[in-house]
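J.: So I've got this file, structure.txt, and it contains compact mmCIF, C-alpha atoms:
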```txt
# COMPACT_ATOMS: atom_id res chain seq x y z
CA MET A 1433 -88.76 -39.85 -54.24
CA GLU A 1434 -89.43 -36.30 -53.13
CA GLY A 1435 -85.86 -36.00 -51.85
CA SER A 1436 -84.43 -37.09 -55.19
CA THR A 1437 -86.53 -34.62 -57.14
CA ALA A 1438 -85.33 -31.81 -54.86
CA LEU A 1439 -81.73 -32.45 -55.87
CA THR A 1440 -80.31 -30.36 -58.70
CA GLU A 1441 -77.05 -30.69 -60.56
CA PHE A 1442 -76.05 -27.05 -59.96
CA PRO A 1443 -77.27 -24.62 -57.28
CA ASP A 1444 -79.68 -21.94 -58.47
CA ARG A 1445 -77.41 -19.18 -57.17
CA LEU A 1446 -74.83 -19.94 -59.86
CA SER A 1447 -74.85 -17.79 -62.97
CA PRO A 1448 -76.70 -19.36 -65.92
CA VAL A 1449 -73.78 -18.42 -68.16
CA PHE A 1450 -71.39 -20.30 -65.89
CA VAL A 1451 -73.62 -23.40 -65.80
CA ARG A 1452 -74.18 -23.37 -69.57
CA ASP A 1453 -70.50 -22.91 -70.47
CA LEU A 1454 -69.38 -25.45 -67.87
CA ARG A 1455 -71.68 -28.08 -69.32
CA GLN A 1456 -70.44 -27.35 -72.83
CA GLY A 1457 -66.80 -27.31 -71.72
CA LEU A 1458 -66.97 -30.67 -69.94
CA ARG A 1459 -68.60 -32.27 -72.98
CA ALA A 1460 -66.33 -30.65 -75.56
CA ASN A 1461 -64.02 -32.92 -77.54
CA TYR A 1462 -61.03 -30.65 -77.01
CA PHE A 1463 -61.28 -30.98 -73.23
CA VAL A 1464 -61.36 -34.77 -73.44
CA TRP A 1465 -58.39 -34.90 -75.82
CA ILE A 1466 -56.38 -32.41 -73.75
CA PHE A 1467 -57.05 -34.52 -70.66
CA ILE A 1468 -55.90 -37.73 -72.37
CA VAL A 1469 -52.80 -36.21 -73.99
CA LEU A 1470 -51.82 -34.39 -70.78
CA GLN A 1471 -52.09 -37.60 -68.76
CA LEU A 1472 -49.97 -39.50 -71.30
CA LEU A 1473 -47.26 -36.84 -71.46
CA SER A 1474 -47.15 -36.53 -67.68
CA LEU A 1475 -46.90 -40.29 -67.30
CA ILE A 1476 -44.11 -40.51 -69.88
CA ALA A 1477 -42.18 -37.65 -68.24
CA THR A 1478 -42.51 -39.25 -64.80
CA LEU A 1479 -41.50 -42.73 -66.03
CA VAL A 1480 -38.49 -41.36 -67.89
CA GLU A 1481 -37.40 -39.41 -64.83
CA LEU A 1482 -37.84 -42.50 -62.64
CA ALA A 1483 -35.88 -44.70 -65.06
CA VAL A 1484 -33.01 -42.25 -65.35
CA LEU A 1485 -32.84 -41.83 -61.59
CA GLN A 1486 -32.69 -45.60 -61.16
CA VAL A 1487 -29.88 -45.97 -63.71
CA ILE A 1488 -27.74 -42.91 -63.07
CA GLY A 1489 -28.81 -41.84 -59.60
CA SER A 1490 -29.18 -38.38 -58.11
CA ALA A 1491 -26.68 -37.00 -60.62
CA ALA A 1492 -29.43 -37.21 -63.24
CA GLN A 1493 -31.51 -34.52 -61.56
CA GLY A 1494 -30.46 -31.87 -64.00
CA PRO A 1495 -32.46 -28.80 -65.00
CA PHE A 1496 -33.57 -30.31 -68.32
CA LEU A 1497 -35.00 -33.50 -66.84
CA SER A 1498 -36.65 -31.85 -63.86
CA GLY A 1499 -38.02 -29.04 -66.03
CA PHE A 1500 -39.62 -31.23 -68.70
CA PHE A 1501 -42.72 -31.89 -66.59
CA THR A 1502 -43.01 -28.18 -65.79
CA PHE A 1503 -42.61 -27.35 -69.48
CA ILE A 1504 -45.53 -29.63 -70.35
CA LEU A 1505 -47.72 -27.94 -67.75
CA SER A 1506 -46.69 -24.44 -68.84
CA VAL A 1507 -47.51 -25.07 -72.50
CA THR A 1508 -50.82 -26.77 -71.71
CA PHE A 1509 -52.15 -24.30 -69.15
CA GLY A 1510 -50.46 -21.17 -70.46
CA PHE A 1511 -51.16 -21.61 -74.18
CA VAL A 1512 -53.31 -24.60 -75.21
CA LEU A 1513 -56.21 -24.11 -72.77
CA PRO A 1514 -56.44 -20.30 -73.14
CA THR A 1515 -56.41 -20.52 -76.95
CA SER A 1516 -59.49 -22.75 -76.75
CA LEU A 1517 -61.31 -19.54 -75.69
CA PHE A 1518 -60.28 -17.77 -78.90
CA GLY A 1519 -63.90 -17.44 -80.04
CA SER A 1520 -65.71 -17.51 -76.70
CA LEU A 1521 -67.54 -14.20 -77.15
CA GLN A 1522 -68.33 -14.87 -80.81
CA SER A 1523 -71.03 -17.31 -79.70
CA GLU A 1524 -72.80 -14.29 -78.17
CA LEU A 1525 -71.83 -11.58 -80.67
CA GLY A 1526 -71.36 -13.46 -83.93
CA GLN A 1527 -73.75 -15.39 -86.13
CA GLY A 1528 -76.82 -16.47 -84.20
CA ARG A 1529 -76.08 -13.89 -81.54
CA ASN A 1530 -78.09 -14.05 -78.33
CA ILE A 1531 -76.52 -11.14 -76.48
CA GLU A 1532 -79.77 -9.15 -76.49
CA LEU A 1533 -81.64 -11.93 -74.74
CA LEU A 1534 -78.88 -12.28 -72.14
CA LEU A 1535 -78.65 -8.59 -71.32
CA THR A 1536 -82.40 -8.00 -71.17
CA SER A 1537 -82.65 -10.75 -68.54
CA SER A 1538 -81.30 -10.49 -65.02
CA LEU A 1539 -77.74 -11.09 -66.25
CA THR A 1540 -75.13 -8.36 -66.27
CA ARG A 1541 -72.07 -7.89 -68.44
CA TRP A 1542 -69.91 -8.75 -65.45
CA GLN A 1543 -71.73 -12.06 -65.05
CA LEU A 1544 -71.27 -12.82 -68.73
CA VAL A 1545 -67.50 -12.37 -68.92
CA ARG A 1546 -66.88 -13.44 -65.34
CA GLY A 1547 -68.82 -16.66 -65.92
CA LYS A 1548 -66.69 -17.52 -68.94
CA LEU A 1549 -63.48 -16.86 -67.00
CA LEU A 1550 -64.70 -18.90 -64.03
CA VAL A 1551 -65.51 -21.83 -66.32
CA ALA A 1552 -62.03 -21.65 -67.86
CA CYS A 1553 -60.43 -21.64 -64.40
CA CYS A 1554 -62.59 -24.54 -63.20
CA LEU A 1555 -61.69 -26.68 -66.22
CA SER A 1556 -58.01 -25.87 -65.74
CA GLY A 1557 -58.31 -26.67 -62.03
CA LEU A 1558 -59.82 -30.06 -62.85
CA LEU A 1559 -56.97 -30.87 -65.21
CA LEU A 1560 -54.35 -29.69 -62.76
CA GLY A 1561 -55.97 -31.65 -59.92
CA SER A 1562 -55.83 -34.81 -62.02
CA LEU A 1563 -52.04 -34.41 -62.13
CA LEU A 1564 -51.66 -34.50 -58.35
CA PRO A 1565 -50.35 -38.12 -58.36
CA TYR A 1566 -47.49 -37.08 -60.65
CA PHE A 1567 -46.57 -34.23 -58.31
CA LEU A 1568 -46.54 -36.67 -55.39
CA ILE A 1569 -44.38 -39.16 -57.30
CA ARG A 1570 -41.85 -36.48 -58.19
CA TYR A 1571 -41.89 -35.25 -54.59
CA PHE A 1572 -41.08 -38.71 -53.21
CA LEU A 1573 -38.42 -39.16 -55.89
CA GLY A 1574 -36.71 -36.08 -54.50
CA SER A 1575 -36.86 -34.11 -57.73
CA LEU A 1576 -39.48 -31.67 -56.44
CA GLU A 1577 -39.51 -29.81 -53.13
CA LEU A 1578 -42.63 -28.53 -51.42
CA VAL A 1579 -42.08 -24.77 -51.78
CA PRO A 1580 -40.94 -24.90 -55.44
CA GLY A 1581 -43.83 -27.25 -56.21
CA LEU A 1582 -46.37 -24.85 -54.71
CA ALA A 1583 -44.72 -21.97 -56.56
CA ILE A 1584 -45.02 -23.84 -59.86
CA VAL A 1585 -48.71 -24.61 -59.25
CA ALA A 1586 -49.45 -20.99 -58.28
CA MET A 1587 -47.58 -19.70 -61.33
CA ILE A 1588 -49.45 -22.05 -63.64
CA LEU A 1589 -52.85 -21.09 -62.22
CA LEU A 1590 -52.13 -17.36 -62.38
CA ILE A 1591 -50.77 -17.51 -65.92
CA ASN A 1592 -53.74 -19.58 -66.99
CA ALA A 1593 -56.25 -17.17 -65.42
CA THR A 1594 -54.45 -14.14 -66.87
CA MET A 1595 -54.23 -15.58 -70.37
CA SER A 1596 -57.83 -16.82 -70.24
CA ALA A 1597 -59.15 -13.37 -69.27
CA ILE A 1598 -57.10 -11.69 -72.00
CA VAL A 1599 -58.20 -14.18 -74.66
CA ILE A 1600 -61.85 -13.79 -73.60
CA GLY A 1601 -61.54 -10.03 -73.95
CA ALA A 1602 -59.84 -10.31 -77.35
CA SER A 1603 -62.41 -12.84 -78.61
CA GLY A 1604 -64.92 -10.04 -79.08
CA TYR A 1605 -63.04 -8.90 -82.20
CA THR A 1606 -64.05 -10.52 -85.46
CA ASN A 1607 -60.62 -10.22 -87.08
CA TYR A 1608 -58.29 -13.11 -86.18
CA VAL A 1609 -55.14 -11.04 -86.62
CA GLY A 1610 -56.58 -8.34 -84.39
CA ARG A 1611 -57.28 -10.88 -81.68
CA CYS A 1612 -53.69 -12.16 -81.80
CA ILE A 1613 -52.29 -8.62 -81.60
CA VAL A 1614 -54.49 -7.81 -78.59
CA ILE A 1615 -53.46 -11.03 -76.83
CA LEU A 1616 -49.75 -10.39 -77.39
CA PHE A 1617 -50.08 -6.75 -76.37
CA LEU A 1618 -51.86 -7.47 -73.08
CA SER A 1619 -50.06 -10.66 -72.06
CA ALA A 1620 -46.38 -9.74 -72.47
CA PHE A 1621 -46.03 -7.62 -69.33
CA PRO A 1622 -47.88 -9.72 -66.69
CA ILE A 1623 -46.52 -13.05 -67.94
CA SER A 1624 -42.93 -11.80 -67.84
CA LEU A 1625 -43.42 -10.59 -64.27
CA LEU A 1626 -44.95 -13.90 -63.19
CA LEU A 1627 -42.13 -15.91 -64.75
CA ASN A 1628 -39.53 -13.67 -63.13
CA ALA A 1629 -41.19 -14.00 -59.71
CA THR A 1630 -41.42 -17.78 -60.07
CA SER A 1631 -37.74 -17.94 -61.01
CA THR A 1632 -36.94 -15.98 -57.85
CA VAL A 1633 -38.81 -18.52 -55.71
CA LEU A 1634 -37.33 -21.56 -57.45
CA THR A 1635 -33.77 -20.31 -57.08
CA GLY A 1636 -34.26 -19.83 -53.34
CA ASN A 1637 -33.87 -16.05 -53.42
CA ALA A 1638 -37.39 -15.28 -52.17
CA THR A 1639 -36.18 -13.75 -48.93
CA GLY A 1640 -36.18 -10.18 -47.79
CA TRP A 1641 -38.34 -7.17 -48.50
CA THR A 1642 -37.16 -6.74 -52.11
CA SER A 1643 -38.19 -10.24 -53.11
CA PHE A 1644 -41.52 -9.82 -51.35
CA LEU A 1645 -42.17 -6.65 -53.35
CA GLN A 1646 -41.16 -8.36 -56.58
CA ILE A 1647 -43.57 -11.25 -55.99
CA SER A 1648 -46.34 -8.86 -54.88
CA ILE A 1649 -45.89 -6.74 -58.01
CA ALA A 1650 -46.21 -9.84 -60.19
CA LEU A 1651 -49.39 -10.97 -58.41
CA ILE A 1652 -51.06 -7.54 -58.55
CA ALA A 1653 -50.07 -7.13 -62.21
CA ALA A 1654 -51.69 -10.48 -63.03
CA LEU A 1655 -54.92 -9.42 -61.29
CA LEU A 1656 -54.77 -6.05 -63.04
CA PHE A 1657 -54.51 -7.55 -66.52
CA ILE A 1658 -57.25 -10.02 -65.68
CA GLY A 1659 -59.36 -6.94 -65.06
CA PHE A 1660 -58.21 -5.42 -68.35
CA GLY A 1661 -59.26 -8.55 -70.21
CA LEU A 1662 -62.69 -8.67 -68.56
CA GLN A 1663 -63.29 -4.96 -69.11
CA LEU A 1664 -62.30 -5.34 -72.76
CA GLY A 1665 -64.82 -8.14 -73.14
CA ARG A 1666 -67.51 -6.02 -71.49
CA ALA A 1667 -66.74 -3.16 -73.84
CA LYS A 1668 -67.31 -5.45 -76.82
CA VAL A 1669 -70.75 -6.60 -75.63
CA ARG A 1670 -71.95 -3.02 -75.17
CA LEU A 1671 -75.27 -2.32 -76.88
CA PHE A 1672 -76.37 1.16 -75.89
CA GLU A 1673 -74.54 4.40 -75.18
CA LYS A 1674 -75.70 4.87 -71.61
CA PRO A 1675 -73.84 5.89 -68.43
CA ILE A 1676 -74.10 2.35 -67.12
CA ASP A 1677 -72.15 1.02 -70.11
CA PRO A 1678 -68.53 -0.06 -69.60
CA PRO A 1679 -65.68 2.15 -70.80
CA SER A 1680 -64.62 1.96 -74.40
CA ALA A 1681 -61.85 -0.39 -75.49
CA ALA A 1682 -59.58 2.63 -76.08
CA VAL A 1683 -59.53 3.38 -72.34
CA ILE A 1684 -58.43 -0.18 -71.60
CA PHE A 1685 -55.67 -0.07 -74.21
CA VAL A 1686 -54.38 3.28 -72.92
CA LEU A 1687 -54.23 2.01 -69.35
CA ALA A 1688 -52.56 -1.23 -70.45
CA PHE A 1689 -50.01 0.72 -72.52
CA PHE A 1690 -48.97 3.08 -69.74
CA THR A 1691 -48.92 0.46 -66.97
CA PRO A 1692 -45.53 -1.07 -67.92
CA ILE A 1693 -44.11 2.42 -68.47
CA MET A 1694 -45.12 3.67 -65.03
CA VAL A 1695 -43.95 0.48 -63.32
CA GLY A 1696 -40.70 0.54 -65.29
CA VAL A 1697 -39.96 4.15 -64.33
CA ALA A 1698 -40.64 3.43 -60.67
CA THR A 1699 -38.44 0.31 -60.78
CA PHE A 1700 -35.67 2.19 -62.60
CA TYR A 1701 -35.43 4.59 -59.68
CA ARG A 1702 -35.31 1.56 -57.33
CA SER A 1703 -38.69 2.26 -55.86
CA SER A 1704 -40.50 -1.06 -55.94
CA THR A 1705 -42.87 0.23 -53.28
CA ALA A 1706 -44.00 3.02 -55.63
CA ALA A 1707 -44.50 0.46 -58.42
CA LEU A 1708 -46.66 -1.64 -56.10
CA VAL A 1709 -48.73 1.42 -55.11
CA ILE A 1710 -49.24 2.31 -58.78
CA LEU A 1711 -50.46 -1.19 -59.57
CA LEU A 1712 -52.82 -1.19 -56.58
CA CYS A 1713 -54.30 2.15 -57.68
CA LEU A 1714 -54.78 0.86 -61.23
CA LEU A 1715 -56.33 -2.34 -59.89
CA TRP A 1716 -58.83 -0.33 -57.88
CA LEU A 1717 -59.52 1.85 -60.93
CA VAL A 1718 -60.10 -0.96 -63.41
CA PHE A 1719 -62.66 -2.64 -61.14
CA SER A 1720 -64.41 0.56 -60.05
CA ILE A 1721 -64.82 2.48 -63.34
CA ASP A 1722 -67.93 0.42 -64.02
CA ARG A 1723 -69.21 -1.74 -61.21
CA GLY A 1724 -72.50 -2.33 -62.98
CA GLY A 1725 -75.80 -0.83 -61.96
CA SER A 1726 -78.66 -2.52 -60.24
CA ARG A 1727 -81.23 -4.49 -62.24
CA LYS A 1728 -83.65 -1.56 -62.06
CA LYS A 1729 -81.07 0.81 -63.54
CA ARG A 1730 -80.14 -1.69 -66.27
CA LEU A 1731 -83.75 -2.10 -67.33
CA LYS A 1732 -84.21 1.66 -67.30
CA GLY A 1733 -81.22 2.00 -69.63
CA LEU A 1734 -82.85 -0.38 -72.10
CA GLN A 1735 -85.98 1.73 -72.42
CA PRO A 1736 -86.29 3.83 -75.63
```
Starting from the file, give its structure as structure tokens.
T.:
Amino acid sequence: MEGSTALTEFPDRLSPVFVRDLRQGLRANYFVWIFIVLQLLSLIATLVELAVLQVIGSAAQGPFLSGFFTFILSVTFGFVLPTSLFGSLQSELGQGRNIELLLTSSLTRWQLVRGKLLVACCLSGLLLGSLLPYFLIRYFLGSLELVPGLAIVAMILLINATMSAIVIGASGYTNYVGRCIVILFLSAFPISLLLNATSTVLTGNATGWTSFLQISIALIAALLFIGFGLQLGRAKVRLFEKPIDPPSAAVIFVLAFFTPIMVGVATFYRSSTAALVILLCLLWLVFSIDRGGSRKKRLKGLQP
């Protein structure tokens, strides 16, 4: 009996925000319906592909048929799941706000936005893991190779994490149109790079130093804009004008605006290495401009 009472559902070292949002996400109706619909669409796509292959043979493995399953995953993980976070910060900042209670506890702004992103990635990982049998079926059918399959999974996870972070950051705005503009503004550049890098891998051209730089640039850009989204969310939950506060949203928008320009200029002069160095410097900058003070410093900043 004592051993059973010592067991807990989640370890104490996990962030309370992560545990709370994970519980709510697993019980939400949208997650259940997305799971059911995704399973049905994946099953239909796999059965149709199997039937066509049995009737026509290997000649049926065209780009449309083999790409239908990938299209379903891209729409679900790149659009449907991230848009479910459209009002994630409004539960803290909007009506019935509890942001003051969160920030006066041991929680930090990083833990708040990072916990929401981690929950979104965990839910997406659960959904993607449930589709593993369909990946295996398509692999044994011969319509999916190992390296392209891993590239598709990596692309889906990165796009999902990038879009989720951007939507979380934009959800701090009360205006719906403003949120959509912010999402489009921040997502266009990293998503285009990720799609281009995935296309390079799928076409079998991922060899040589140039392709390695192209893929590396896409990965670093995705991480960079994840940081932009999290920093934007932290800027929206700011309460006091203190040195420990995160930078204003204007700083994030300026950095996000000039990032494609600097990378484009470096790429125009055929210097992908310079573009990669620029992205690495920006990545270091976006995660170091406000690392968050210790609990003692945060409590000192809350004093009148």
J.: Place a sphere of radius 8 Å on (-69.7, -14.4, -74.5) in the file coordinates and name every protein, DNA or RNA residue with an atom inside or on its surface, counting all atoms listed in the file; give the answer as a PyMOL selection string.
T.: chain A and resi 1520-1525+1531+1544-1545+1548+1600+1604+1669
J.: I need the chosen residues saved as a compact mmCIF listing (two decimals), in the frame of the given file, with C-alpha atoms.
T.:
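Ended up saving to part-v2.txt:
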```txt
# COMPACT_ATOMS: atom_id res chain seq x y z
CA SER A 1520 -65.71 -17.51 -76.70
CA LEU A 1521 -67.54 -14.20 -77.15
CA GLN A 1522 -68.33 -14.87 -80.81
CA SER A 1523 -71.03 -17.31 -79.70
CA GLU A 1524 -72.80 -14.29 -78.17
CA LEU A 1525 -71.83 -11.58 -80.67
CA ILE A 1531 -76.52 -11.14 -76.48
CA LEU A 1544 -71.27 -12.82 -68.73
CA VAL A 1545 -67.50 -12.37 -68.92
CA LYS A 1548 -66.69 -17.52 -68.94
CA ILE A 1600 -61.85 -13.79 -73.60
CA GLY A 1604 -64.92 -10.04 -79.08
CA VAL A 1669 -70.75 -6.60 -75.63
```
J.: Expressed in Å to a single decimal, how great is the separation between CA of Ala1602 in chain A and CA of Thr1508 in chain A?
T.: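 Taking CA of Ala1602 in chain A as the start and CA of Thr1508 in chain A as the end point, the length is 19.6 Å.
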J.: What does the distance from CA of Ile1652 in chain A to CA of Pro1448 in chain A come to in Å, to one decimal?
T.: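 Distance between the two atoms: 29.2 Å.
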J.: Nearest residue to Ile1569 in chain A out of A:Val1614, A:Val1484, A:Leu1475, A:Leu1589, using all atoms listed in the file?
T.: A:Leu1475
J.: Give the answer as one residue: which of A:Arg1455, A:Arg1570, A:Arg1541, A:Arg1611 has the shortest atom-to-atom distance to Gln1663 in chain A, using all atoms listed in the file?
T.: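 Closest residue, counting all atoms listed in the file: A:Arg1541.
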J.: Mind listing as JSON, numbers by chain all residues within 7 Å of (-53.5, -21.2, -68.3), counting only C-alpha atoms?
T.: {"A": [1509, 1510, 1511, 1513, 1514, 1556, 1588, 1589, 1591, 1592, 1593, 1595, 1596]}
J.: So the first atom is CA of Ile1649 in chain A and the second is CA of Leu1708 in chain A; what is the distance between them in Å, to one decimal place?
T.: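 Going from CA of Ile1649 in chain A over to CA of Leu1708 in chain A, I get 5.5 Å.
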J.: Given all atoms listed in the file as the basis, pick out the residue of A:Val1464, A:Leu1472, A:Leu1458, A:Ile1684 nearest to Leu1656 in chain A.
T.: A:Ile1684
J.: Excluding same-chain residues fewer than 2 positions from Ala1654 in chain A, what lies within 7 Å of it counting only C-alpha atoms, as a list in words?
T.: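 Using only C-alpha atoms, the neighbours found are Leu1590, Thr1594, Pro1622, Ala1650, Leu1651, Ile1652, Leu1656, Phe1657 and Ile1658 of chain A.
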J.: Write out as an NGL selection string each polymer residue whose atoms come within 12 Å of Gly1696 in chain A, counting all atoms listed in the file; drop sequence neighbours fewer than 3 positions from it.
T.: :A and (1621 or 1625 or 1649 or 1689-1693 or 1699-1704 or 1706-1708 or 1710-1711)
J.: Quick one: residues within 12 Å of Leu1717 in chain A, all atoms listed in the file counted, chain neighbours fewer than 2 positions away excluded, as a count of residues only?
T.: 19
J.: Would you list the contacts of Thr1632 in chain A as a ChimeraX atom specification, taking every protein, DNA or RNA residue within 12 Å and counting all atoms listed in the file, but skipping same-chain residues closer than 3 positions in sequence?
T.: /A:1579-1580,1583-1584,1587,1625-1629,1635-1640,1642-1647,1650
J.: Restricting the calculation to all atoms listed in the file, which member of A:Phe1450, A:Leu1634, A:Cys1612, A:Ala1688 is positioned closest to Glu1577 in chain A?
T.: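 With all atoms listed in the file as the atom set, the closest residue is A:Leu1634.
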J.: Hey, what's within 8 Å of Ser1474 in chain A if we count only C-alpha atoms and toss same-chain stuff fewer than 6 positions away? As a ChimeraX atom specification, please?
T.: /A:1501,1504,1563,1566
J.: Could you write those residues out with C-alpha atoms, as a short mmCIF file (atom, residue, chain, number, x, y, z; two decimals), keeping the file's coordinate frame?
T.:
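Dumped everything to out-v9.cif:
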```cif
data_model
loop_
_atom_site.label_atom_id
_atom_site.label_comp_id
_atom_site.auth_asym_id
_atom_site.auth_seq_id
_atom_site.Cartn_x
_atom_site.Cartn_y
_atom_site.Cartn_z
CA PHE A 1501 -42.72 -31.89 -66.59
CA ILE A 1504 -45.53 -29.63 -70.35
CA LEU A 1563 -52.04 -34.41 -62.13
CA TYR A 1566 -47.49 -37.08 -60.65
#
```
J.: Using only C-alpha atoms, can you tell me which of A:Leu1446, A:Val1697, A:Gly1519, A:Val1718 comes closest to Thr1606 in chain A?
T.: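 The answer is A:Gly1519, which sits nearest to Thr1606 in chain A.
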J.: Determine the nearest neighbour of Trp1465 in chain A from the options A:Val1551, A:Gly1610, A:Val1512, A:Leu1576, counting only C-alpha atoms.
T.: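 Ranked by minimum distance to Trp1465 in chain A, first place goes to A:Val1512.
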